[in-house]
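run01.txt follows (compact mmCIF, C-alpha atoms):
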# COMPACT_ATOMS: atom_id res chain seq x y z
CA MET A 994 17.43 196.21 201.32
CA VAL A 995 20.21 198.23 199.76
CA ARG A 996 23.16 198.88 202.04
CA ARG A 997 24.91 202.20 201.70
CA SER A 998 28.36 202.92 202.91
CA ARG A 999 28.48 204.75 206.20
CA SER A 1000 30.59 207.57 204.80
CA ARG A 1001 27.81 208.56 202.38
CA THR A 1002 25.19 208.78 205.10
CA MET A 1003 27.27 210.63 207.70
CA ARG A 1004 27.09 214.39 207.62
CA LYS A 1005 30.39 216.20 207.18
CA THR A 1006 31.19 218.89 209.73
CA GLY A 1007 33.82 221.60 209.83
CA PRO A 1008 35.03 223.96 207.13
CA PRO A 1009 34.50 222.89 203.52
CA ALA A 1010 37.33 220.97 201.90
CA CYS A 1011 38.13 219.84 198.37
CA GLY A 1012 36.86 216.34 197.70
CA SER A 1013 39.95 215.48 195.65
CA CYS A 1014 42.93 216.92 197.54
CA GLY A 1015 41.40 217.76 200.94
CA ALA A 1016 42.53 221.42 200.90
CA GLN A 1017 40.33 223.98 202.63
CA VAL A 1018 38.15 225.98 200.23
CA VAL A 1019 35.50 228.68 200.49
CA PHE A 1020 32.57 229.04 198.13
CA VAL A 1021 31.71 232.19 196.19
CA LYS A 1022 28.11 232.56 195.09
CA MET A 1023 28.29 233.73 191.49
CA VAL A 1024 26.01 236.75 191.05
CA TYR A 1025 25.14 236.05 187.40
CA THR A 1026 24.45 232.30 187.66
CA ASP A 1027 23.59 231.74 191.36
CA LYS A 1028 26.03 228.78 191.37
CA ARG A 1029 28.75 228.23 193.96
CA LEU A 1030 32.39 228.25 192.85
CA PRO A 1031 35.11 226.83 195.15
CA VAL A 1032 38.04 229.22 195.61
CA ASP A 1033 41.19 229.15 197.70
CA PRO A 1034 40.45 230.87 201.05
CA ILE A 1035 43.24 233.50 200.92
CA PRO A 1036 42.88 236.44 198.49
CA VAL A 1037 45.66 236.74 195.90
CA ALA A 1038 46.77 239.61 193.66
CA ASP A 1039 46.38 237.69 190.39
CA GLY A 1040 43.13 235.84 191.15
CA ASN A 1041 40.49 235.34 188.48
CA VAL A 1042 37.42 235.72 190.75
CA SER A 1043 36.32 239.05 192.21
CA ALA A 1044 34.25 238.70 195.39
CA ARG A 1045 33.14 240.55 198.50
CA LEU A 1046 31.55 239.50 201.75
CA VAL A 1047 27.78 240.06 201.92
CA GLY A 1048 26.49 239.01 205.31
CA ASN A 1049 28.38 235.80 205.97
CA GLN A 1050 28.73 234.67 202.33
CA LEU A 1051 31.06 235.68 199.51
CA HIS A 1052 29.32 236.99 196.38
CA GLY A 1053 31.29 237.54 193.19
CA TYR A 1054 31.97 236.90 189.53
CA VAL A 1055 34.70 235.68 187.20
CA ILE A 1056 36.84 238.61 186.05
CA SER A 1057 36.62 239.32 182.30
CA ASP A 1058 36.65 242.28 179.90
CA ALA A 1059 32.90 242.63 180.36
CA HIS A 1060 33.17 242.36 184.18
CA PRO A 1061 36.42 243.95 185.42
CA HIS A 1062 37.62 243.72 189.00
CA GLY A 1063 36.07 246.42 191.22
CA ALA A 1064 37.60 248.32 194.16
CA PRO A 1065 35.58 247.01 197.15
CA ASN A 1066 36.05 243.38 196.05
CA HIS A 1067 38.97 241.06 196.74
CA ARG A 1068 40.54 238.75 194.16
CA TYR A 1069 40.47 235.00 194.77
CA ALA A 1070 41.89 232.10 192.75
CA ALA A 1071 39.46 229.40 191.65
CA HIS A 1072 40.46 226.13 193.31
CA HIS A 1073 40.12 224.20 190.03
CA GLY A 1074 43.35 225.84 188.86
CA SER A 1075 45.42 225.04 191.95
CA CYS A 1076 44.10 221.58 192.90
CA PRO A 1077 46.88 219.00 192.40
CA ASP A 1078 44.36 216.11 192.25
CA ARG A 1079 41.75 217.66 189.97
CA PRO A 1080 40.34 215.36 187.33
CA ARG A 1081 42.16 215.86 184.05
CA PRO A 1082 40.34 215.50 180.73
CA LYS A 1083 41.01 212.19 179.03
CA PRO A 1084 42.78 212.46 175.67
CA ARG A 1085 40.53 211.68 172.77
CA PRO A 1086 41.47 208.67 170.65
CA ALA A 1087 42.50 209.31 167.07
CA PRO A 1088 39.55 209.09 164.68
CA PRO A 1089 39.46 206.08 162.33
CA PRO A 1090 40.81 206.71 158.84
CA THR A 1091 38.38 207.77 156.15
CA LEU A 1092 38.48 207.10 152.40
CA PHE A 1093 40.32 210.37 151.92
CA ASP A 1094 43.08 209.25 154.32
CA LEU A 1095 43.84 205.98 152.51
CA PRO A 1096 46.95 205.90 150.32
CA THR A 1097 46.36 206.02 146.61
CA THR A 1098 48.32 204.11 144.03
CA GLN A 1099 49.48 205.96 140.95
CA GLY A 1100 49.62 204.42 137.51
CA GLU A 1101 47.29 201.45 138.02
CA PRO A 1102 44.24 201.13 135.70
Encoded form (structure tokens):
Amino acid sequence: MVRRSRSRTMRKTGPPACGSCGAQVVFVKMVYTDKRLPVDPIPVADGNVSARLVGNQLHGYVISDAHPHGAPNHRYAAHHGSCPDRPRPKPRPAPPPTLFDLPTTQGEP
């Protein structure tokens, strides 16, 4: 029998929170991909997500040249940009030297 930790089997209640920093977030259902994007719950003037309330759920899209911000929508900031504990990409190690990178000696036969 495999034992699982109790925290994985218990259902979380209350408003959604970031799994890394614990800050409260809301989810925007992206209209072009049907995926959910976590955003900070308070609209901001320079946000990168345009969303509006449809029923009891936010529906929106990432603002771009192809999809500019519209008037009935509010702007939200994606939580990935403001999370202090978000996972950072690991730096890639330097590639091993190739034959072209090796020093050459001049004047030897």
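The list of residues with at least one atom within 8 Å of stretch 1019-1033 of chain A, based on all atoms listed in the file and without residues fewer than 4 positions apart in the same chain, reads Pro1009, Ala1044, Gln1050, Leu1051, His1052, Gly1053, Tyr1054, Val1055, Tyr1069, Ala1070, Ala1071, His1072 and His1073 of chain A.
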Could you write out the selected residues, including C-alpha atoms, as a PDB file, in the frame of the given file?
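Wrote it out as out.pdb, contents follow:
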ATOM      1  CA  PRO A1009      34.500 222.890 203.520  1.00  0.00           C
ATOM      2  CA  ALA A1044      34.250 238.700 195.390  1.00  0.00           C
ATOM      3  CA  GLN A1050      28.730 234.670 202.330  1.00  0.00           C
ATOM      4  CA  LEU A1051      31.060 235.680 199.510  1.00  0.00           C
ATOM      5  CA  HIS A1052      29.320 236.990 196.380  1.00  0.00           C
ATOM      6  CA  GLY A1053      31.290 237.540 193.190  1.00  0.00           C
ATOM      7  CA  TYR A1054      31.970 236.900 189.530  1.00  0.00           C
ATOM      8  CA  VAL A1055      34.700 235.680 187.200  1.00  0.00           C
ATOM      9  CA  TYR A1069      40.470 235.000 194.770  1.00  0.00           C
ATOM     10  CA  ALA A1070      41.890 232.100 192.750  1.00  0.00           C
ATOM     11  CA  ALA A1071      39.460 229.400 191.650  1.00  0.00           C
ATOM     12  CA  HIS A1072      40.460 226.130 193.310  1.00  0.00           C
ATOM     13  CA  HIS A1073      40.120 224.200 190.030  1.00  0.00           C
TER      14      HIS A1073
END
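In this model, the gap between atom CA of A:Val1047 and atom CA of A:Ala1016 comes to 23.8 Å.
Comparing the minimum interatomic distances between A:Gln1017 and each of A:Ser1043, A:Pro1084, A:Cys1076, A:His1060, counting only C-alpha atoms, we find that A:Cys1076 sits nearest.
Checking A:Pro1090, A:His1062, A:Lys1083, A:Gly1074 one by one against A:Ala1038, counting only C-alpha atoms, you find the shortest gap at A:His1062.
If you count all atoms listed in the file and ignore residues fewer than 4 places along the chain from stretch 1011-1013 of chain A, what sits within 7 Å of it is Gln1017, Val1018, Asp1078 and Arg1079 of chain A.
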Nearest residue to A:Asp1058 out of A:Pro1096, A:Arg1081, A:Asn1041, A:Pro1008, using all atoms listed in the file? A:Asn1041
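Atom CA of A:Pro1080 to atom CA of A:Pro1036 spans 24.0 Å [interatomic distance, one decimal].
The coordinates place atom CA of A:Asn1066 at 14.0 Å from atom CA of A:Gly1048.
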One residue among A:Pro1065, A:Ala1059, A:Gly1015, A:Ser1075 is nearest to A:Gly1040 when using all atoms listed in the file, and that residue is A:Ser1075
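Minimum distance to A:Ala1064 across A:Pro1077, A:Arg1045, A:Phe1093, A:Pro1082 (counting all atoms listed in the file) occurs at A:Arg1045.
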Calculated over all atoms listed in the file, which of the candidates A:Arg1068, A:Leu1092, A:Arg1085, A:Ser1057 has the smallest distance to A:Asp1039? A:Arg1068
